[in-house]
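Right, one structure below, let's go through it.
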Amino acid sequence: ATPEQIDRVARAFGMSVGPFEMRDMSGIDVGVLVRKDRLAKLPPEERISPILERMDSLGRYGQKSGKGFYRYEGRQKFNDPEALAIIAGIAAELGIPQRTFTDEEIAPRLFAPLVNEGAKELEEGIAQRAGDIDVVWVNGYGFPAFRGGPMYWGEQYGLDKIHALATAAAARNGPRWAPGALLTKLAAEGKGWKDAT
């Protein structure tokens, strides 16, 4: 999917900004520095897209350089065929076929990882209740309040579907994306977060 489509879907979902717009605002070069240490610690089977590093190496730092995932004139944003060519080139190098995504496919793929990670936090005792995670995401990170938070949204969407998305993500990207034991159990039993304790 293109950055424009993903960002548009994220905003339609209720986010104030899409993930690629955010990368361009915060600075792709900053993102590369933040990722550097984390990338060194990941197991070799984890697939991490090198798009940020490629953009950085080409001087595409985002808004501050006038080009990133988009092209900028001042703060005005434009779709950029050069960015799309970079993305397509990396996909070809990695042997990842590009395809068309519907808007309806994108939102669950964007937000299911939040639910999966939240389930792991519950499983590990980092959070006591799913509602606590929702409060943090709504009040601290701008998750749309009308969605109730990622955990509530995930339960409404279907924990079985979240589990399937996490399983597929793990197959594509590595074990870090796999569903945890709690999500697996609740999805298999058709239960919700209230049954997690």
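Within each chain, counting starts at residue 1; across the structure tokens, chains are named A, B, ... in the order shown, with ligands numbered 1 upward in that order.
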
For this session: Write out as a PyMOL selection string each polymer residue whose atoms come within 8 Å of A:Met55, counting only C-alpha atoms; drop sequence neighbours fewer than 6 positions from it.
Result: chain A and resi 28+61+68+86

For the selection you just gave me, I'd like the residues written to a file as a PDB file, in the first residue's frame, keeping C-alpha atoms.
```pdb
ATOM      1  CA  ILE A  28      13.386  10.067   9.293  1.00  0.00           C
ATOM      2  CA  TYR A  61      14.728  13.296   6.209  1.00  0.00           C
ATOM      3  CA  GLY A  68      10.665  11.965   2.860  1.00  0.00           C
ATOM      4  CA  ILE A  86      12.293   3.734  -3.509  1.00  0.00           C
TER       5      ILE A  86
END
```

Exercise. Can you list every residue in chain A that DSSP puts in strand (DSSP E or B), as a PyMOL selection string?
Worked result: chain A and resi 62+67+70-73+76-79

Let's have the selection written as a CSV table (one decimal), in the first residue's frame, with C-alpha atoms.
```
chain,number,residue,atom,x,y,z
A,62,GLY,CA,11.1,14.4,6.0
A,67,LYS,CA,11.3,15.2,1.1
A,70,TYR,CA,6.1,12.8,0.8
A,71,ARG,CA,7.5,15.9,-1.0
A,72,TYR,CA,7.0,19.3,0.8
A,73,GLU,CA,6.8,22.9,-0.2
A,76,GLN,CA,2.3,21.6,2.2
A,77,LYS,CA,2.5,17.9,1.5
A,78,PHE,CA,2.5,16.2,-1.9
A,79,ASN,CA,2.6,12.6,-3.0
```

For this session: Identify, on the basis of only C-alpha atoms, every residue whose closest approach to stretch 114-122 of chain A does not exceed 8 Å; exclude the query and any residue fewer than 4 positions from it along the same chain; express the result as a PyMOL selection string.
Result: chain A and resi 126-130+133+150-151+154+162-163+166+179-183+196

For this session: Name the residues in contact with A:Phe143 at a cut-off of 9 Å, using only C-alpha atoms, excluding same-chain residues fewer than 5 positions from it; report them as JSON, numbers by chain.
Result: {"A": [14, 15, 16, 134, 136, 137, 138, 148, 149, 150]}

Exercise. What's the 9 Å shell around A:Gly174, counting only C-alpha atoms, without same-chain residues fewer than 4 positions away, as JSON, numbers by chain?
Worked result: {"A": [43, 44, 45, 46, 47, 169, 170, 178]}

Exercise. So how far away is atom CA of A:Arg54 from atom CA of A:Ala40, in Å?
Worked result: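 Atom CA of A:Arg54 lies 17.1 Å from atom CA of A:Ala40.
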
Exercise. Suppose you want the space between atom CA of A:Phe13 and atom CA of A:Pro108; what is it in Å?
Worked result: 9.9 Å

Problem set entry | Backbone DSSP call of alpha helix (DSSP H) for chain A, listed as a ChimeraX atom specification | /A:3-13,19-26,28-41,51-57,81-94,103-124,130-141,150-157,159-173,181-189

Exercise. Rounded to one decimal in Å, what is the spacing between atom CA of A:Pro81 and atom CA of A:Glu4?
Worked result: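 Atom CA of A:Glu4 lies 11.3 Å from atom CA of A:Pro81.
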
For this session: Find, counting only C-alpha atoms, the residue in A:Lys191, A:Lys185, A:Arg176, A:Lys36 that gets nearest to A:Glu155.
Result: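 Checking each of A:Lys191, A:Lys185, A:Arg176, A:Lys36 against A:Glu155, counting only C-alpha atoms, the winner is A:Lys191.
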
Exercise. What's the 7 Å shell around A:Leu165, counting only C-alpha atoms, without same-chain residues fewer than 4 positions away, as a ChimeraX atom specification?
Worked result: /A:109,112,161,169

For the selection you just gave me, I'd like the residues written to a file as a short mmCIF file (atom, residue, chain, number, x, y, z; two decimals), in the first residue's frame, keeping all heavy atoms.
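And here is the file that came out, selection11.cif:
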```cif
data_model
loop_
_atom_site.label_atom_id
_atom_site.label_comp_id
_atom_site.auth_asym_id
_atom_site.auth_seq_id
_atom_site.Cartn_x
_atom_site.Cartn_y
_atom_site.Cartn_z
N ARG A 109 -4.60 -4.20 10.09
CA ARG A 109 -3.17 -4.50 10.08
C ARG A 109 -2.36 -3.43 10.81
O ARG A 109 -1.29 -3.72 11.34
CB ARG A 109 -2.68 -4.66 8.64
CG ARG A 109 -3.15 -5.98 8.02
CD ARG A 109 -2.76 -6.11 6.59
NE ARG A 109 -1.32 -6.24 6.44
CZ ARG A 109 -0.74 -7.03 5.55
NH1 ARG A 109 -1.46 -7.75 4.73
NH2 ARG A 109 0.57 -7.08 5.46
N ALA A 112 -3.93 -4.06 14.97
CA ALA A 112 -3.87 -5.37 15.62
C ALA A 112 -2.59 -5.57 16.44
O ALA A 112 -2.64 -6.15 17.52
CB ALA A 112 -4.04 -6.49 14.59
N LYS A 161 -9.81 -12.70 15.10
CA LYS A 161 -9.25 -12.03 13.92
C LYS A 161 -7.90 -11.38 14.27
O LYS A 161 -6.97 -11.40 13.45
CB LYS A 161 -10.21 -10.97 13.40
CG LYS A 161 -11.50 -11.53 12.84
CD LYS A 161 -12.41 -10.39 12.41
CE LYS A 161 -13.78 -10.90 12.02
NZ LYS A 161 -14.72 -9.79 11.82
N ALA A 169 1.39 -11.94 10.70
CA ALA A 169 2.50 -10.99 10.84
C ALA A 169 3.78 -11.70 11.27
O ALA A 169 4.87 -11.39 10.80
CB ALA A 169 2.14 -9.89 11.83
#
```
